[in-house]
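So this one's run.csv, CSV, N, CA and C atoms:
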```csv
chain,number,residue,atom,x,y,z
R,1,MET,N,29.0,107.5,120.0
R,1,MET,CA,30.1,106.8,119.5
R,1,MET,C,29.6,105.6,118.7
R,2,LYS,N,30.2,105.4,117.5
R,2,LYS,CA,29.8,104.4,116.6
R,2,LYS,C,30.3,103.0,117.0
R,3,LYS,N,29.5,102.0,116.9
R,3,LYS,CA,29.9,100.6,117.2
R,3,LYS,C,30.8,100.2,116.0
R,4,LYS,N,31.7,99.3,116.3
R,4,LYS,CA,32.6,98.7,115.3
R,4,LYS,C,32.2,97.2,115.1
R,5,ILE,N,31.8,96.9,113.9
R,5,ILE,CA,31.4,95.5,113.6
R,5,ILE,C,32.3,94.9,112.5
R,6,CYS,N,32.8,93.7,112.8
R,6,CYS,CA,33.7,93.0,111.8
R,6,CYS,C,33.0,91.7,111.4
R,7,PHE,N,32.8,91.6,110.1
R,7,PHE,CA,32.3,90.4,109.5
R,7,PHE,C,33.4,89.4,109.1
R,8,PHE,N,33.4,88.2,109.5
R,8,PHE,CA,34.4,87.2,109.3
R,8,PHE,C,33.9,86.2,108.3
R,9,THR,N,34.7,85.9,107.2
R,9,THR,CA,34.4,84.9,106.3
R,9,THR,C,35.7,84.4,105.7
R,10,THR,N,35.6,83.1,105.2
R,10,THR,CA,36.9,82.6,104.6
R,10,THR,C,36.8,82.7,103.1
R,11,HIS,N,35.7,82.8,102.5
R,11,HIS,CA,35.6,82.9,101.0
R,11,HIS,C,34.4,83.6,100.5
R,12,PHE,N,34.4,84.0,99.3
R,12,PHE,CA,33.3,84.8,98.7
R,12,PHE,C,32.2,83.8,98.3
R,13,ASP,N,31.0,84.2,98.5
R,13,ASP,CA,29.8,83.5,98.1
R,13,ASP,C,28.7,84.5,97.7
R,14,PHE,N,27.9,84.2,96.8
R,14,PHE,CA,26.8,85.1,96.3
R,14,PHE,C,25.9,85.5,97.5
R,15,THR,N,25.6,84.5,98.4
R,15,THR,CA,24.7,84.8,99.5
R,15,THR,C,25.4,85.7,100.5
R,16,ARG,N,26.7,85.6,100.7
R,16,ARG,CA,27.5,86.4,101.6
R,16,ARG,C,27.5,87.9,101.0
R,17,GLN,N,27.7,88.0,99.7
R,17,GLN,CA,27.6,89.3,99.1
R,17,GLN,C,26.3,90.0,99.4
R,18,LYS,N,25.2,89.3,99.2
R,18,LYS,CA,23.9,89.8,99.5
R,18,LYS,C,23.7,90.2,100.9
R,19,LEU,N,24.2,89.4,101.9
R,19,LEU,CA,24.1,89.8,103.3
R,19,LEU,C,24.9,91.0,103.6
R,20,MET,N,26.1,91.1,103.0
R,20,MET,CA,26.9,92.3,103.2
R,20,MET,C,26.3,93.5,102.6
R,21,ASP,N,25.7,93.4,101.4
R,21,ASP,CA,24.9,94.5,100.8
R,21,ASP,C,23.8,95.0,101.8
R,22,HIS,N,23.1,94.1,102.3
R,22,HIS,CA,22.0,94.4,103.3
R,22,HIS,C,22.6,95.1,104.5
R,23,TYR,N,23.6,94.6,105.1
R,23,TYR,CA,24.2,95.2,106.3
R,23,TYR,C,24.9,96.5,106.0
R,24,GLU,N,25.4,96.7,104.8
R,24,GLU,CA,26.0,97.9,104.4
R,24,GLU,C,25.0,99.0,104.3
R,25,ASP,N,23.8,98.7,103.7
R,25,ASP,CA,22.7,99.6,103.6
R,25,ASP,C,22.1,100.0,105.0
R,26,ALA,N,22.0,99.0,105.8
R,26,ALA,CA,21.3,99.2,107.1
R,26,ALA,C,22.1,99.8,108.2
R,27,LEU,N,23.4,99.4,108.2
R,27,LEU,CA,24.3,99.8,109.3
R,27,LEU,C,25.4,100.8,109.1
R,28,ALA,N,25.7,101.1,107.8
R,28,ALA,CA,26.8,102.0,107.5
R,28,ALA,C,26.8,103.3,108.2
R,29,ASP,N,25.6,103.9,108.4
R,29,ASP,CA,25.5,105.2,109.0
R,29,ASP,C,25.6,105.1,110.6
R,30,LYS,N,25.3,103.9,111.1
R,30,LYS,CA,25.2,103.7,112.6
R,30,LYS,C,26.5,103.1,113.1
R,31,ALA,N,27.2,102.4,112.3
R,31,ALA,CA,28.4,101.6,112.7
R,31,ALA,C,29.5,101.7,111.7
R,32,GLU,N,30.7,101.4,112.2
R,32,GLU,CA,31.9,101.3,111.3
R,32,GLU,C,32.0,99.8,111.0
R,33,LEU,N,32.0,99.5,109.7
R,33,LEU,CA,32.0,98.1,109.3
R,33,LEU,C,33.3,97.6,108.7
R,34,PHE,N,33.7,96.4,109.0
R,34,PHE,CA,34.9,95.8,108.5
R,34,PHE,C,34.5,94.4,107.9
R,35,LEU,N,35.3,94.0,106.9
R,35,LEU,CA,35.1,92.6,106.4
R,35,LEU,C,36.5,92.0,106.5
R,36,PHE,N,36.6,90.9,107.3
R,36,PHE,CA,37.9,90.2,107.5
R,36,PHE,C,37.8,88.9,106.8
R,37,CYS,N,38.6,88.8,105.7
R,37,CYS,CA,38.5,87.6,104.9
R,37,CYS,C,39.9,87.3,104.3
R,38,ARG,N,40.0,86.2,103.6
R,38,ARG,CA,41.2,85.7,103.0
R,38,ARG,C,41.7,86.6,101.9
R,39,LYS,N,43.0,86.7,101.8
R,39,LYS,CA,43.6,87.5,100.7
R,39,LYS,C,43.2,87.0,99.4
R,40,GLY,N,42.8,87.9,98.5
R,40,GLY,CA,42.3,87.5,97.2
R,40,GLY,C,40.7,87.4,97.2
R,41,GLU,N,40.1,87.0,98.3
R,41,GLU,CA,38.7,86.9,98.4
R,41,GLU,C,38.1,88.3,98.6
R,42,ASP,N,38.9,89.2,99.2
R,42,ASP,CA,38.4,90.5,99.5
R,42,ASP,C,38.1,91.3,98.3
R,43,LYS,N,38.8,91.0,97.2
R,43,LYS,CA,38.6,91.7,95.9
R,43,LYS,C,37.3,91.3,95.2
R,44,LYS,N,36.8,90.2,95.6
R,44,LYS,CA,35.5,89.7,95.0
R,44,LYS,C,34.3,90.4,95.5
R,45,PHE,N,34.4,90.8,96.8
R,45,PHE,CA,33.3,91.5,97.4
R,45,PHE,C,33.2,92.9,96.9
R,46,LYS,N,32.1,93.3,96.4
R,46,LYS,CA,31.8,94.7,95.9
R,46,LYS,C,31.1,95.5,97.0
R,47,LEU,N,31.9,96.2,97.7
R,47,LEU,CA,31.4,97.0,98.9
R,47,LEU,C,32.0,98.4,98.9
R,48,ALA,N,31.1,99.4,99.1
R,48,ALA,CA,31.6,100.8,99.1
R,48,ALA,C,31.9,101.3,100.5
R,49,LYS,N,31.1,100.9,101.5
R,49,LYS,CA,31.2,101.5,102.8
R,49,LYS,C,31.8,100.6,103.8
R,50,VAL,N,32.3,99.5,103.4
R,50,VAL,CA,32.9,98.5,104.3
R,50,VAL,C,34.4,98.4,104.1
R,51,LYS,N,35.2,98.5,105.2
R,51,LYS,CA,36.6,98.5,105.1
R,51,LYS,C,37.0,97.0,105.1
R,52,LYS,N,37.8,96.6,104.1
R,52,LYS,CA,38.2,95.2,103.9
R,52,LYS,C,39.6,95.0,104.5
R,53,VAL,N,39.7,93.9,105.3
R,53,VAL,CA,40.9,93.5,105.9
R,53,VAL,C,41.2,92.1,105.5
R,54,SER,N,42.3,91.8,104.9
R,54,SER,CA,42.6,90.4,104.5
R,54,SER,C,43.7,89.8,105.3
R,55,TYR,N,43.7,88.5,105.3
R,55,TYR,CA,44.8,87.7,105.9
R,55,TYR,C,45.3,86.7,104.9
R,56,SER,N,46.6,86.4,105.0
R,56,SER,CA,47.2,85.4,104.2
R,56,SER,C,47.7,84.2,104.9
R,57,GLU,N,47.6,84.2,106.2
R,57,GLU,CA,48.1,83.2,107.1
R,57,GLU,C,47.3,81.9,106.8
R,58,ASN,N,47.9,80.8,107.2
R,58,ASN,CA,47.2,79.5,107.1
R,58,ASN,C,46.1,79.5,108.2
R,59,ASN,N,45.2,78.5,108.1
R,59,ASN,CA,44.0,78.5,108.9
R,59,ASN,C,44.3,78.5,110.4
R,60,SER,N,45.4,77.9,110.8
R,60,SER,CA,45.7,77.8,112.2
R,60,SER,C,46.2,79.1,112.8
R,61,LEU,N,46.7,80.0,112.0
R,61,LEU,CA,47.2,81.3,112.5
R,61,LEU,C,46.3,82.4,112.4
R,62,VAL,N,45.1,82.3,111.7
R,62,VAL,CA,44.2,83.4,111.5
R,62,VAL,C,43.6,83.9,112.8
R,63,LEU,N,43.5,83.0,113.8
R,63,LEU,CA,42.9,83.5,115.1
R,63,LEU,C,43.8,84.5,115.8
R,64,PHE,N,45.1,84.4,115.6
R,64,PHE,CA,46.0,85.4,116.2
R,64,PHE,C,45.9,86.8,115.5
R,65,LYS,N,45.8,86.7,114.2
R,65,LYS,CA,45.6,88.0,113.4
R,65,LYS,C,44.3,88.6,113.7
R,66,LEU,N,43.2,87.8,113.8
R,66,LEU,CA,41.9,88.4,114.2
R,66,LEU,C,41.9,88.9,115.6
R,67,HIS,N,42.6,88.2,116.5
R,67,HIS,CA,42.6,88.7,117.9
R,67,HIS,C,43.4,90.0,118.0
R,68,LYS,N,44.5,90.2,117.3
R,68,LYS,CA,45.2,91.4,117.2
R,68,LYS,C,44.4,92.5,116.6
R,69,PHE,N,43.7,92.2,115.5
R,69,PHE,CA,42.8,93.2,114.8
R,69,PHE,C,41.7,93.7,115.7
R,70,CYS,N,41.1,92.8,116.4
R,70,CYS,CA,40.0,93.1,117.3
R,70,CYS,C,40.5,94.0,118.5
R,71,ARG,N,41.6,93.6,119.0
R,71,ARG,CA,42.2,94.3,120.2
R,71,ARG,C,42.6,95.8,119.8
R,72,GLU,N,43.3,95.9,118.6
R,72,GLU,CA,43.9,97.2,118.2
R,72,GLU,C,42.8,98.1,117.8
R,73,ASN,N,41.7,97.6,117.1
R,73,ASN,CA,40.7,98.4,116.6
R,73,ASN,C,39.4,98.5,117.5
R,74,LYS,N,39.5,97.9,118.6
R,74,LYS,CA,38.4,97.9,119.6
R,74,LYS,C,37.1,97.5,119.0
R,75,ILE,N,37.1,96.4,118.3
R,75,ILE,CA,35.9,95.8,117.6
R,75,ILE,C,34.9,95.4,118.7
R,76,ASP,N,33.6,95.8,118.5
R,76,ASP,CA,32.6,95.5,119.5
R,76,ASP,C,31.9,94.1,119.2
R,77,VAL,N,31.8,93.8,117.9
R,77,VAL,CA,31.1,92.6,117.5
R,77,VAL,C,31.8,92.0,116.3
R,78,VAL,N,32.0,90.6,116.4
R,78,VAL,CA,32.5,89.9,115.2
R,78,VAL,C,31.3,89.0,114.8
R,79,VAL,N,30.9,89.1,113.5
R,79,VAL,CA,29.9,88.3,112.9
R,79,VAL,C,30.5,87.2,112.0
R,80,ASN,N,30.2,86.0,112.3
R,80,ASN,CA,30.7,84.8,111.6
R,80,ASN,C,29.8,84.5,110.4
R,81,PHE,N,30.4,84.6,109.2
R,81,PHE,CA,29.6,84.2,108.0
R,81,PHE,C,30.1,82.9,107.4
R,82,THR,N,30.9,82.1,108.1
R,82,THR,CA,31.5,80.9,107.6
R,82,THR,C,30.7,79.7,108.1
R,83,ALA,N,30.5,78.7,107.2
R,83,ALA,CA,29.7,77.6,107.6
R,83,ALA,C,30.5,76.5,108.3
R,84,ALA,N,31.8,76.6,108.3
R,84,ALA,CA,32.6,75.6,109.0
R,84,ALA,C,32.4,75.5,110.5
R,85,GLY,N,32.3,74.3,111.0
R,85,GLY,CA,31.9,74.1,112.4
R,85,GLY,C,33.0,74.6,113.4
R,86,LEU,N,34.2,74.5,113.0
R,86,LEU,CA,35.3,74.9,113.9
R,86,LEU,C,35.5,76.4,114.0
R,87,THR,N,34.9,77.1,113.1
R,87,THR,CA,35.1,78.5,113.0
R,87,THR,C,34.6,79.2,114.3
R,88,ASP,N,33.5,78.7,114.9
R,88,ASP,CA,33.1,79.3,116.1
R,88,ASP,C,34.1,79.2,117.2
R,89,LEU,N,34.7,78.1,117.3
R,89,LEU,CA,35.8,77.8,118.3
R,89,LEU,C,37.0,78.8,118.0
R,90,VAL,N,37.3,79.0,116.8
R,90,VAL,CA,38.4,79.9,116.4
R,90,VAL,C,38.1,81.3,116.8
R,91,LEU,N,36.8,81.7,116.6
R,91,LEU,CA,36.4,83.0,116.9
R,91,LEU,C,36.4,83.2,118.5
R,92,LEU,N,36.0,82.2,119.2
R,92,LEU,CA,36.0,82.2,120.6
R,92,LEU,C,37.4,82.5,121.1
R,93,PHE,N,38.4,81.8,120.6
R,93,PHE,CA,39.8,82.0,121.0
R,93,PHE,C,40.3,83.3,120.5
R,94,ALA,N,39.9,83.8,119.3
R,94,ALA,CA,40.4,85.0,118.8
R,94,ALA,C,39.9,86.2,119.5
R,95,THR,N,38.7,86.1,120.2
R,95,THR,CA,38.2,87.2,120.9
R,95,THR,C,38.3,87.1,122.4
R,96,ILE,N,39.0,86.1,122.9
R,96,ILE,CA,39.2,85.9,124.3
R,96,ILE,C,40.0,87.1,124.9
R,97,PHE,N,39.7,87.5,126.1
R,97,PHE,CA,40.3,88.6,126.8
R,97,PHE,C,40.1,89.9,126.1
R,98,THR,N,39.1,90.0,125.3
R,98,THR,CA,38.7,91.3,124.7
R,98,THR,C,37.2,91.5,125.0
R,99,LYS,N,36.7,92.7,124.8
R,99,LYS,CA,35.3,93.0,125.0
R,99,LYS,C,34.5,92.7,123.8
R,100,THR,N,35.0,92.0,122.8
R,100,THR,CA,34.3,91.7,121.6
R,100,THR,C,33.3,90.6,121.8
R,101,LYS,N,32.1,90.8,121.2
R,101,LYS,CA,31.1,89.8,121.3
R,101,LYS,C,31.1,89.1,119.9
R,102,ILE,N,30.5,87.9,119.9
R,102,ILE,CA,30.5,87.0,118.7
R,102,ILE,C,29.0,86.8,118.3
R,103,ILE,N,28.7,86.9,117.0
R,103,ILE,CA,27.4,86.5,116.5
R,103,ILE,C,27.7,85.5,115.3
R,104,THR,N,27.0,84.4,115.3
R,104,THR,CA,27.3,83.4,114.2
R,104,THR,C,26.0,83.3,113.4
R,105,HIS,N,26.3,83.1,112.1
R,105,HIS,CA,25.3,82.7,111.1
R,105,HIS,C,25.6,81.3,110.7
R,106,ASN,N,25.1,80.3,111.4
R,106,ASN,CA,25.4,78.9,111.0
R,106,ASN,C,24.5,78.5,109.8
R,107,HIS,N,25.2,78.3,108.7
R,107,HIS,CA,24.5,77.9,107.5
R,107,HIS,C,24.1,76.4,107.6
R,108,GLY,N,24.9,75.6,108.3
R,108,GLY,CA,24.6,74.2,108.4
R,108,GLY,C,25.3,73.5,107.3
R,109,ASN,N,25.3,72.2,107.4
R,109,ASN,CA,25.8,71.4,106.3
R,109,ASN,C,24.7,70.7,105.7
R,110,PHE,N,24.3,71.1,104.5
R,110,PHE,CA,23.1,70.6,103.8
R,110,PHE,C,23.4,69.2,103.2
R,111,PHE,N,24.6,68.9,103.1
R,111,PHE,CA,24.9,67.6,102.3
R,111,PHE,C,25.1,66.4,103.3
R,112,TRP,N,25.0,66.7,104.6
R,112,TRP,CA,25.2,65.6,105.6
R,112,TRP,C,23.8,65.1,105.9
R,113,ARG,N,23.7,63.8,105.8
R,113,ARG,CA,22.4,63.2,106.2
R,113,ARG,C,22.7,61.9,107.0
R,114,LYS,N,22.0,61.7,108.1
R,114,LYS,CA,22.1,60.5,108.9
R,114,LYS,C,21.2,59.4,108.3
R,115,GLU,N,21.7,58.3,107.9
R,115,GLU,CA,20.9,57.3,107.3
R,115,GLU,C,20.9,56.0,108.1
```
Rewrite the structure from the file as structure tokens, please.
Amino acid sequence: MKKKICFFTTHFDFTRQKLMDHYEDALADKAELFLFCRKGEDKKFKLAKVKKVSYSENNSLVLFKLHKFCRENKIDVVVNFTAAGLTDLVLLFATIFTKTKIITHNHGNFFWRKE
């Protein structure tokens, strides 16, 4: 049985495209891949083997749509590609009471410095 992996991001970025290219090449035969991103941003990603799912809700409602998506599609893992700090909290609430696991890629905030 193939695992189901969902990649979550809020916007397109060149580095995210490259990560998705890598995961598409490495995992497409072993897992069913999804990209969960904002409406309009999904068209910017050039992917052949990844199913794109878009949302148009405002940021406070996206966790309900993601929760419903994970529950209905029995997603095994959600991978966070967003650098925002609160996204991990949103993903935690979006996957609560499901068997979905969360993996985060924290890019960090390179522009913040303590002086």
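The closest residue to Thr95 of chain R, picked from R:Lys44, R:Lys74, R:His67, R:Lys30 and counting all atoms listed in the file, is R:His67.
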Subject >> For Phe8 of chain R: contacts at 7 Å, only N, CA and C atoms, fewer than 4 positions along chain excluded, given as a list of chain:residue names >> reply: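 Residues meeting the cut-off are R:Phe34, R:Leu35, R:Phe36, R:Cys37, R:Val78, R:Val79, R:Asn80, R:Phe81, R:Thr82.
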Sorted per-residue table, segment 39-78 of chain R near segment 18-24 of chain R, closest atoms and distance, 8 Å, all atoms listed in the file, as a Markdown table:
```
| residue | atom | partner | partner_atom | distance |
| --- | --- | --- | --- | --- |
| R:Lys46 | C | R:Asp21 | N | 7.3 |
| R:Leu47 | CA | R:Asp21 | N | 7.2 |
| R:Ala48 | N | R:Glu24 | CA | 7.5 |
| R:Lys49 | C | R:Glu24 | CA | 6.4 |
| R:Val50 | N | R:Glu24 | CA | 6.6 |
```
**OP:** Determine the nearest neighbour of Ile75 of chain R from the options R:Leu27, R:Val53, R:Leu61, R:Ile5, counting all atoms listed in the file.
**Re:** R:Ile5
**OP:** Tell me which protein, DNA and RNA residues are within 10 Å of Lys43 of chain R, counting only C-alpha atoms, leaving out same-chain ones fewer than 5 positions away, and put them as a list in words.
**Re:** Phe12, Cys37, Arg38, Lys52 and Ser54 of chain R
Just the selected residues (N, CA and C atoms), exported as an mmCIF file, keeping the file's coordinate frame, please.
```cif
data_model
loop_
_atom_site.group_PDB
_atom_site.id
_atom_site.type_symbol
_atom_site.label_atom_id
_atom_site.label_comp_id
_atom_site.auth_asym_id
_atom_site.auth_seq_id
_atom_site.Cartn_x
_atom_site.Cartn_y
_atom_site.Cartn_z
ATOM 1 N N PHE R 12 34.400 84.000 99.300
ATOM 2 C CA PHE R 12 33.300 84.800 98.700
ATOM 3 C C PHE R 12 32.200 83.800 98.300
ATOM 4 N N CYS R 37 38.600 88.800 105.700
ATOM 5 C CA CYS R 37 38.500 87.600 104.900
ATOM 6 C C CYS R 37 39.900 87.300 104.300
ATOM 7 N N ARG R 38 40.000 86.200 103.600
ATOM 8 C CA ARG R 38 41.200 85.700 103.000
ATOM 9 C C ARG R 38 41.700 86.600 101.900
ATOM 10 N N LYS R 52 37.800 96.600 104.100
ATOM 11 C CA LYS R 52 38.200 95.200 103.900
ATOM 12 C C LYS R 52 39.600 95.000 104.500
ATOM 13 N N SER R 54 42.300 91.800 104.900
ATOM 14 C CA SER R 54 42.600 90.400 104.500
ATOM 15 C C SER R 54 43.700 89.800 105.300
#
```
**OP:** Taking the chain letters and numbering used in this document, name the residues of chain R that DSSP puts in helix (DSSP H, G or I), as a VMD selection string.
**Re:** chain R and resid 14 to 27 62 to 73 87 to 94
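Note that the spacing between atom CA of Asp42 of chain R and atom CA of Leu92 of chain R amounts to 22.8 Å.
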**OP:** Go through R:Thr98, R:Lys68, R:Ala28, R:Gln17 and flag the residue nearest Lys51 of chain R, using only C-alpha atoms for the distances.
**Re:**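 Of all the options, R:Ala28 lies closest to Lys51 of chain R.
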Original post:
Quick one: distance from atom CA of Thr104 of chain R to atom CA of Val62 of chain R in Å, one decimal?
Top reply: 17.1 Å
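We find atom CA of Lys99 of chain R and atom CA of Asp76 of chain R to be spaced 6.6 Å apart.
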Subject >> Residue nearest Phe7 of chain R - candidates R:Gly40, R:Ser56, R:Asp25, R:Leu33, atoms counted: all atoms listed in the file >> reply: R:Leu33
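Compared by their closest atoms to Ala94 of chain R, and using only C-alpha atoms, the residues R:Phe69, R:Phe64, R:Phe14, R:Tyr55 rank with R:Phe64 nearest.
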**OP:** as a ChimeraX atom specification, please: all residues of chain R that backbone DSSP puts in strand (DSSP E).
**Re:** /R:3-8,31-38,51-55,77-80,101-104
